Protein chains: 4
Amino acid sequence: MVSFECDYIAGAHPEILRRLTETNMESLPGYGFDHYTESAKAKIRKACGMPDAEVEFLVGGTQTNSVVISTMLNDWEGVISAESGHVSVHESGAIEYTGNKVITLPAHDGKLRADDVRDYLENFYKDVTHDHMVFPGMVYVSHPTEPGTLYTKKELEALADVCHEYDLPLYLDGARLGYGLMSDASDMTLEDIARITDVFYIGGTKVGALCGEAVVFTKHNRPAHFMTSIKKRGALLAKGRLLGIQFDTLFTDDLYFKISRHAIDMALKVKEIIKEKGWKVYMDSPTNQQLIIMTDAEMEELGKSVVFDRWGVYDDTHTIVRLATSWSTSEEDIKVLADA
Amino acid sequence: MVSFECDYIAGAHPEILRRLTETNMESLPGYGFDHYTESAKAKIRKACGMPDAEVEFLVGGTQTNSVVISTMLNDWEGVISAESGHVSVHESGAIEYTGNKVITLPAHDGKLRADDVRDYLENFYKDVTHDHMVFPGMVYVSHPTEPGTLYTKKELEALADVCHEYDLPLYLDGARLGYGLMSDASDMTLEDIARITDVFYIGGTKVGALCGEAVVFTKHNRPAHFMTSIKKRGALLAKGRLLGIQFDTLFTDDLYFKISRHAIDMALKVKEIIKEKGWKVYMDSPTNQQLIIMTDAEMEELGKSVVFDRWGVYDDTHTIVRLATSWSTSEEDIKVLADA
Amino acid sequence: MVSFECDYIAGAHPEILRRLTETNMESLPGYGFDHYTESAKAKIRKACGMPDAEVEFLVGGTQTNSVVISTMLNDWEGVISAESGHVSVHESGAIEYTGNKVITLPAHDGKLRADDVRDYLENFYKDVTHDHMVFPGMVYVSHPTEPGTLYTKKELEALADVCHEYDLPLYLDGARLGYGLMSDASDMTLEDIARITDVFYIGGTKVGALCGEAVVFTKHNRPAHFMTSIKKRGALLAKGRLLGIQFDTLFTDDLYFKISRHAIDMALKVKEIIKEKGWKVYMDSPTNQQLIIMTDAEMEELGKSVVFDRWGVYDDTHTIVRLATSWSTSEEDIKVLADA
Amino acid sequence: MVSFECDYIAGAHPEILRRLTETNMESLPGYGFDHYTESAKAKIRKACGMPDAEVEFLVGGTQTNSVVISTMLNDWEGVISAESGHVSVHESGAIEYTGNKVITLPAHDGKLRADDVRDYLENFYKDVTHDHMVFPGMVYVSHPTEPGTLYTKKELEALADVCHEYDLPLYLDGARLGYGLMSDASDMTLEDIARITDVFYIGGTKVGALCGEAVVFTKHNRPAHFMTSIKKRGALLAKGRLLGIQFDTLFTDDLYFKISRHAIDMALKVKEIIKEKGWKVYMDSPTNQQLIIMTDAEMEELGKSVVFDRWGVYDDTHTIVRLATSWSTSEEDIKVLADA
């Protein structure tokens, strides 16, 4: 049995474990005040081409969305998201738990369109009752999106333009950012992301780390007393070194990008297999996850040697199946899939 | 100038002010422990044909929705509403403020369809990731709806059936309940509403009171320590008599129903005028508010003698205008409108 | 039976009911946009000697505390209160419900001492772990306090000095403000209160209104989009006229002050009776409520003709009894008490 | 330089890193559904002598307190804690952030007394205004306490008796539980803790893990849909294996207890050194942290070779210094301290 279930089936990239082990007995201050965390921040700032970006580490994706959104919104505001956005669908109401509304707009292949956002904003301010509504206070996108699609630079810049027109921060959820940046279809670099957005996070959990996400505030806009706000949300890690060392490793010698590219290489092979087998594609994705449509019988057959994810219901007789690659996918895994 | 802007342009029905004045100097206990409040509860229970219903008074509609929904939902749950529902659109995020998600389904003339709810529930439980989502924990409807339409008994019973199948309470927001019940198009009585729903409120603010809504728990389901939960939400009125005396008056000699019917009678005259003038109807409503489509020029002309509500944007050159009647609409008002 | 139970046993001052009745059928815009509300605001600004103060009306005291505190605190902050403060003890956790901590300091006759606040603040910032704590973000006092005592001008200014040193707003809960200002022991005017504090409210519910509190922001510090934040908290009254007309009446011809003074006059007579009867005073109050210590037998005897409040437990055999006067206390009430 | 700053200065016990490395490339399901997590739960249940206890893993201490308290309290309730309790002082208001009040009672050497709790509860229900207050809904203790003291079995049972009388769960925060259980002064076993309390957590972060706390519900009282509630609070770890493998290791061959005992052995040596040097003890602790009182000069001198924690301000010229041992303290560290 091999697993293409998701991109967090394995532990951490071995180099991370090696460095955690190597540094294990060093006495270090807690809460992210250690020098590995400092070093990781410096490397990320450099990779972003942004010497004065503010970098903070958190443990998981939903936690990061909850902390960033709830500390950046004003009392009267909510966050705009595609209706398929993770914050809208798959966080058990974590955003609402912090008192904030997720305002949903249509998703086009998982993406939010600048025109839809502009229309929404125009209509909102035209509406004479808008003081009785939730003000749009931030725009949330994920890149790659939930179904694995990518924004083009032009699309993201168009969103940023709308945001700036209305003085809203553009927040990019990069849970799988590496897989997006390393896709052949990507026309953006990490520097572009940092420049275009106001705040974003570089996902670690799904890209080689045991846990951890790196939030980057790119416009001198880190909320005041952010550490206290993190603690208040139960999200402050005592042994901050666990996050610092992992990201320091990931951003040494381009490891983050190399392992992300590996996942893309494996995904291209998966796409090849899908084509060969004639499986029906649900949504063509240039990143590390492929969505295909299968009958129960096909799923049963495939399930004999491969673990996969039931991503959603397609219709009464078909299911959307996800095959995800990751930094840990091996050529052997591919071979088993091909033979399945 | 006459006003058809909304159904809360006037103070209270004169009989309410008379009784407030009459009882004004009586020493009464606070927080709803006075005998007028008791009497009002008894009269409402009687009007509902439900001797053991539990009745509680709150000050306003958004407050009532917020208190009822947040005290009845479990931690892991949210509330289902039509996407046009008041709780979704026009409460500035009051439901989310209490930590709870509003799950929206399509609105059909402002109404939620039982089939849509059932499909949603079926798909929710089929979805293998549903533990990462917000569980549906209540169904919210308003009656009349936001655009003034009405559920038929059959439609409401169908919703109740789905709710009971999934063990969810059905909550009916009756901010304008009187205008719904007294409409010629209504095939439900207050007793029907009480029987079919699990909790609902009888709107006072828009139907003759200065303020106040009466929440009715119909299935021995009032949340424990409800008064403390009300206080916690800043919603407990010290002089509970203000609510008790108003509802005691409204439910004496059928005043609530009589003044509601008056509003419907006036609305029928407004409909007649709309027809005569050939104004384009946006949505035909059998209750106290009529939505029509007007150009800027038409609005300007009408605005010379009539105050109305800009309910929404229709298209680039047209606005949806609302003309609302209420218990306080007079024949003179109608005459001015006809002459406008 | 006469009642000295509390200062909200009667309805409203008759002049308020007269004006509510007189204006009842006027068509007015909702949500506080009517001209009576404007007029009330102007009169309050004038009474405060502060032409550019921002005035907003809310329905009740706990609601007001909850709205003001939760909109003025930053995410990382809490509010300092005397441990006997209303926000700490008697609001069912309304402040915590909005996510904010009440930081308690010792009460001295119900009052917070500037020195205690300064010590707390100094120690807080000295404490190297303070980023893991709740930052003090506001100072809350009530005037009169819970047991009916008063701050002197010097005491309140000393608190304001500490607050300004640490850039914290000083918030004064004036649920019974009139009774404080009109006390012979008061050395402050409404203008002093407005000048010294950063935000305060003028209590209506306990001083002649059916409901309503007037919040005064004295330093151009009203939170942005305050109306939306009020709505979000379920605290926006549709018929804002109910609050506007009441406060317009209370601030016409000094009615608020006159009826407050009446309560003090009645309280002086109650004090006289207490002295004559030799009842043991728990805390000497210069305002409208007198706290005395009684045995069960004494309470039973008194209870035959007088309704009073059991304010607290004194010891195993004694109870603290409160006798409150108000604008509605009559000479006849006093006579019955004297004869009790 | 050696560090006695706190008990989370090192990484993880080497055996934990060994097993994380060993299992690293195994494909495992996420969110705690892997077999290591299952195994860890089984071992903990066994160590608790409670085959049907429910065990759940979370990442950190404040997060655990926030999740447990907010999911177990009812809407109208708050949690009782010693005024020095971690939830009251050092969690940046995390409990209040979830809408819940921390009700504080006096701390006696960091401990809550059963008699104080009973008195509080009795007085609460005697108070006729208690519906306007926060109901006590849970009792929180930490063991060891903040200053490192321990409850005796008798003391903890007395607290449990009061709790059961009033039907409140007793919750024990065991962030440093191992160091408490292995202290010579302890008369309780893990089985005792499980039997006496209703819910408690076994701290990993401070006792050998990189992160992680194991919550044990001992009375079939795990909140419904707990995983969804965890996710809602941003506290669900995608790679649950990180917690499962760590606790599986800690509860294999009594590792948790052995390394805890090691810290106690080291602490006894620290106590010896304190005695020899004649340092003034602030509070005598039988666990892994020693609190001593030092002048600035003494701190400066000690600081030349030892890192320590400034635990608090003693007076104008003295500071309370904490010297903590842990599983990672070595004989060499002790020697440097002795020579300091």
# chains A, B, ... in the order shown; residues from 1 in each chain; ligands from 1
call {"tool": "residues_around", "arguments": {"residues": "stretch 93-97 of chain A", "least_positions_apart": "6", "cutoff": "10 Å", "atoms": "only C-alpha atoms", "output": "PyMOL selection string"}}
result
(chain A and resi 62-63+65-70+78-79+87) or (chain B and resi 75-78+93+95-102+132-135) or (chain D and resi 98+228-235)
call {"tool": "write_last_selection", "arguments": {"atoms": "N, CA, C and O atoms", "output": "tab-separated table (two decimals), in the first residue's frame"}}
result
chain	number	residue	atom	x	y	z
A	62	THR	N	-5.15	26.45	10.28
A	62	THR	CA	-6.38	27.05	10.78
A	62	THR	C	-6.04	28.04	11.88
A	62	THR	O	-6.60	29.14	11.96
A	63	GLN	N	-5.11	27.65	12.74
A	63	GLN	CA	-4.66	28.55	13.80
A	63	GLN	C	-4.12	29.86	13.21
A	63	GLN	O	-4.42	30.95	13.69
A	65	ASN	N	-4.76	31.21	10.24
A	65	ASN	CA	-5.84	32.02	9.68
A	65	ASN	C	-6.62	32.72	10.79
A	65	ASN	O	-6.94	33.91	10.69
A	66	SER	N	-6.91	31.98	11.83
A	66	SER	CA	-7.68	32.55	12.94
A	66	SER	C	-6.93	33.70	13.60
A	66	SER	O	-7.51	34.76	13.88
A	67	VAL	N	-5.64	33.51	13.85
A	67	VAL	CA	-4.85	34.56	14.53
A	67	VAL	C	-4.70	35.79	13.62
A	67	VAL	O	-4.93	36.92	14.05
A	68	VAL	N	-4.33	35.55	12.37
A	68	VAL	CA	-4.08	36.69	11.47
A	68	VAL	C	-5.36	37.48	11.23
A	68	VAL	O	-5.40	38.71	11.35
A	69	ILE	N	-6.43	36.77	10.91
A	69	ILE	CA	-7.67	37.46	10.58
A	69	ILE	C	-8.24	38.19	11.78
A	69	ILE	O	-8.63	39.36	11.70
A	70	SER	N	-8.24	37.53	12.94
A	70	SER	CA	-8.86	38.16	14.11
A	70	SER	C	-8.04	39.31	14.67
A	70	SER	O	-8.58	40.19	15.33
A	78	GLY	N	-15.45	42.13	8.46
A	78	GLY	CA	-15.32	40.71	8.22
A	78	GLY	C	-14.34	40.48	7.09
A	78	GLY	O	-13.78	41.43	6.53
A	79	VAL	N	-14.12	39.22	6.75
A	79	VAL	CA	-13.13	38.89	5.72
A	79	VAL	C	-13.83	38.30	4.49
A	79	VAL	O	-14.71	37.45	4.61
A	87	VAL	N	-11.13	28.93	5.01
A	87	VAL	CA	-11.70	29.63	6.17
A	87	VAL	C	-13.22	29.57	6.18
A	87	VAL	O	-13.85	29.70	7.23
B	75	ASP	N	-21.60	23.98	20.85
B	75	ASP	CA	-20.31	24.56	20.47
B	75	ASP	C	-19.92	24.27	19.03
B	75	ASP	O	-19.31	25.11	18.36
B	76	TRP	N	-20.24	23.10	18.56
B	76	TRP	CA	-19.76	22.67	17.24
B	76	TRP	C	-20.75	23.01	16.12
B	76	TRP	O	-20.53	22.61	14.98
B	77	GLU	N	-21.77	23.74	16.44
B	77	GLU	CA	-22.85	23.97	15.48
B	77	GLU	C	-22.96	25.42	14.98
B	77	GLU	O	-22.50	26.34	15.64
B	78	GLY	N	-23.63	25.57	13.85
B	78	GLY	CA	-24.00	26.87	13.32
B	78	GLY	C	-25.47	26.84	12.95
B	78	GLY	O	-26.15	25.83	13.10
B	93	GLY	N	-23.19	41.22	11.67
B	93	GLY	CA	-22.37	40.12	12.17
B	93	GLY	C	-22.65	39.76	13.62
B	93	GLY	O	-21.80	39.19	14.30
B	95	ILE	N	-24.49	37.46	14.88
B	95	ILE	CA	-24.45	36.02	15.16
B	95	ILE	C	-23.00	35.56	15.24
B	95	ILE	O	-22.61	34.83	16.16
B	96	GLU	N	-22.19	35.99	14.29
B	96	GLU	CA	-20.77	35.64	14.31
B	96	GLU	C	-20.10	36.23	15.57
B	96	GLU	O	-19.19	35.63	16.12
B	97	TYR	N	-20.56	37.38	16.00
B	97	TYR	CA	-19.97	38.00	17.20
B	97	TYR	C	-20.06	37.05	18.40
B	97	TYR	O	-19.20	37.08	19.28
B	98	THR	N	-21.09	36.23	18.41
B	98	THR	CA	-21.24	35.28	19.51
B	98	THR	C	-20.53	33.97	19.21
B	98	THR	O	-20.70	32.98	19.93
B	99	GLY	N	-19.72	33.95	18.14
B	99	GLY	CA	-18.91	32.77	17.86
B	99	GLY	C	-19.55	31.76	16.93
B	99	GLY	O	-19.02	30.66	16.77
B	100	ASN	N	-20.66	32.12	16.33
B	100	ASN	CA	-21.42	31.13	15.57
B	100	ASN	C	-21.53	31.47	14.09
B	100	ASN	O	-21.75	32.62	13.72
B	101	LYS	N	-21.42	30.45	13.27
B	101	LYS	CA	-21.48	30.63	11.82
B	101	LYS	C	-22.92	30.62	11.33
B	101	LYS	O	-23.74	29.83	11.81
B	102	VAL	N	-23.21	31.48	10.36
B	102	VAL	CA	-24.47	31.42	9.64
B	102	VAL	C	-24.19	30.67	8.34
B	102	VAL	O	-23.38	31.10	7.52
B	132	HIS	N	-14.50	18.59	10.21
B	132	HIS	CA	-13.70	19.81	10.07
B	132	HIS	C	-14.58	21.00	9.64
B	132	HIS	O	-14.07	22.04	9.25
B	133	MET	N	-15.86	20.78	9.68
B	133	MET	CA	-16.80	21.81	9.25
B	133	MET	C	-17.68	22.24	10.43
B	133	MET	O	-17.58	21.67	11.52
B	134	VAL	N	-18.53	23.21	10.19
B	134	VAL	CA	-19.50	23.60	11.21
B	134	VAL	C	-20.74	22.72	11.04
B	134	VAL	O	-21.32	22.67	9.96
B	135	PHE	N	-21.12	22.05	12.11
B	135	PHE	CA	-22.32	21.21	12.05
B	135	PHE	C	-23.56	22.09	11.99
B	135	PHE	O	-23.67	23.05	12.73
D	98	THR	N	-12.38	33.29	25.37
D	98	THR	CA	-13.44	32.35	24.96
D	98	THR	C	-14.77	32.70	25.62
D	98	THR	O	-15.71	31.91	25.56
D	228	THR	N	-14.10	18.55	16.64
D	228	THR	CA	-14.57	19.74	15.94
D	228	THR	C	-14.36	20.99	16.79
D	228	THR	O	-13.95	22.04	16.29
D	229	SER	N	-14.61	20.87	18.08
D	229	SER	CA	-14.37	22.01	18.97
D	229	SER	C	-12.89	22.37	19.02
D	229	SER	O	-12.53	23.55	19.12
D	230	ILE	N	-12.04	21.37	18.96
D	230	ILE	CA	-10.59	21.63	18.94
D	230	ILE	C	-10.22	22.39	17.67
D	230	ILE	O	-9.50	23.39	17.69
D	231	LYS	N	-10.74	21.90	16.54
D	231	LYS	CA	-10.46	22.55	15.26
D	231	LYS	C	-10.95	24.00	15.27
D	231	LYS	O	-10.26	24.91	14.80
D	232	LYS	N	-12.15	24.19	15.79
D	232	LYS	CA	-12.76	25.53	15.87
D	232	LYS	C	-11.87	26.50	16.62
D	232	LYS	O	-11.89	27.70	16.37
D	233	ARG	N	-11.10	25.98	17.56
D	233	ARG	CA	-10.20	26.82	18.36
D	233	ARG	C	-8.79	26.87	17.75
D	233	ARG	O	-7.85	27.34	18.40
D	234	GLY	N	-8.65	26.38	16.52
D	234	GLY	CA	-7.34	26.43	15.86
D	234	GLY	C	-6.32	25.55	16.54
D	234	GLY	O	-5.11	25.78	16.43
D	235	ALA	N	-6.77	24.51	17.23
D	235	ALA	CA	-5.86	23.73	18.06
D	235	ALA	C	-5.66	22.30	17.58
D	235	ALA	O	-5.01	21.49	18.25
call {"tool": "interface_residues", "arguments": {"of": "chain A", "to": "chain D", "cutoff": "8 Å", "atoms": "only C-alpha atoms", "output": "number ranges by chain"}}
result
A: 2-3, 8-12, 14, 17, 20-21, 23-30, 59-64, 66, 91-95, 97, 205, 210-211, 228-229, 231-239, 241-242, 328
call {"tool": "residues_around", "arguments": {"residues": "C:Gly303", "least_positions_apart": "5", "cutoff": "9 Å", "atoms": "only C-alpha atoms", "output": "PyMOL selection string"}}
result
chain C and resi 1+298+308+340
call {"tool": "atom_distance", "arguments": {"atom1": "atom CA of D:Gly137", "atom2": "atom CA of C:Trp311"}}
result
23.5 Å
call {"tool": "residues_around", "arguments": {"residues": "stretch 182-195 of chain C", "least_positions_apart": "6", "cutoff": "10 Å", "atoms": "only C-alpha atoms", "output": "VMD selection string"}}
result
chain C and resid 44 to 50 53 143 to 144 149 to 154 156 to 157 160 172 174 201 to 202 216 to 219 256 to 265 267 to 268 285 to 288
call {"tool": "closest_residue", "arguments": {"among": "A:Glu301, A:Ile274, A:Val281, A:Met266", "to": "A:Glu332", "atoms": "only C-alpha atoms"}}
result
A:Met266
call {"tool": "select_by_dssp", "arguments": {"residues": "stretch 149-340 of chain A", "states": "strand (DSSP E or B)", "output": "count of residues only"}}
result
42
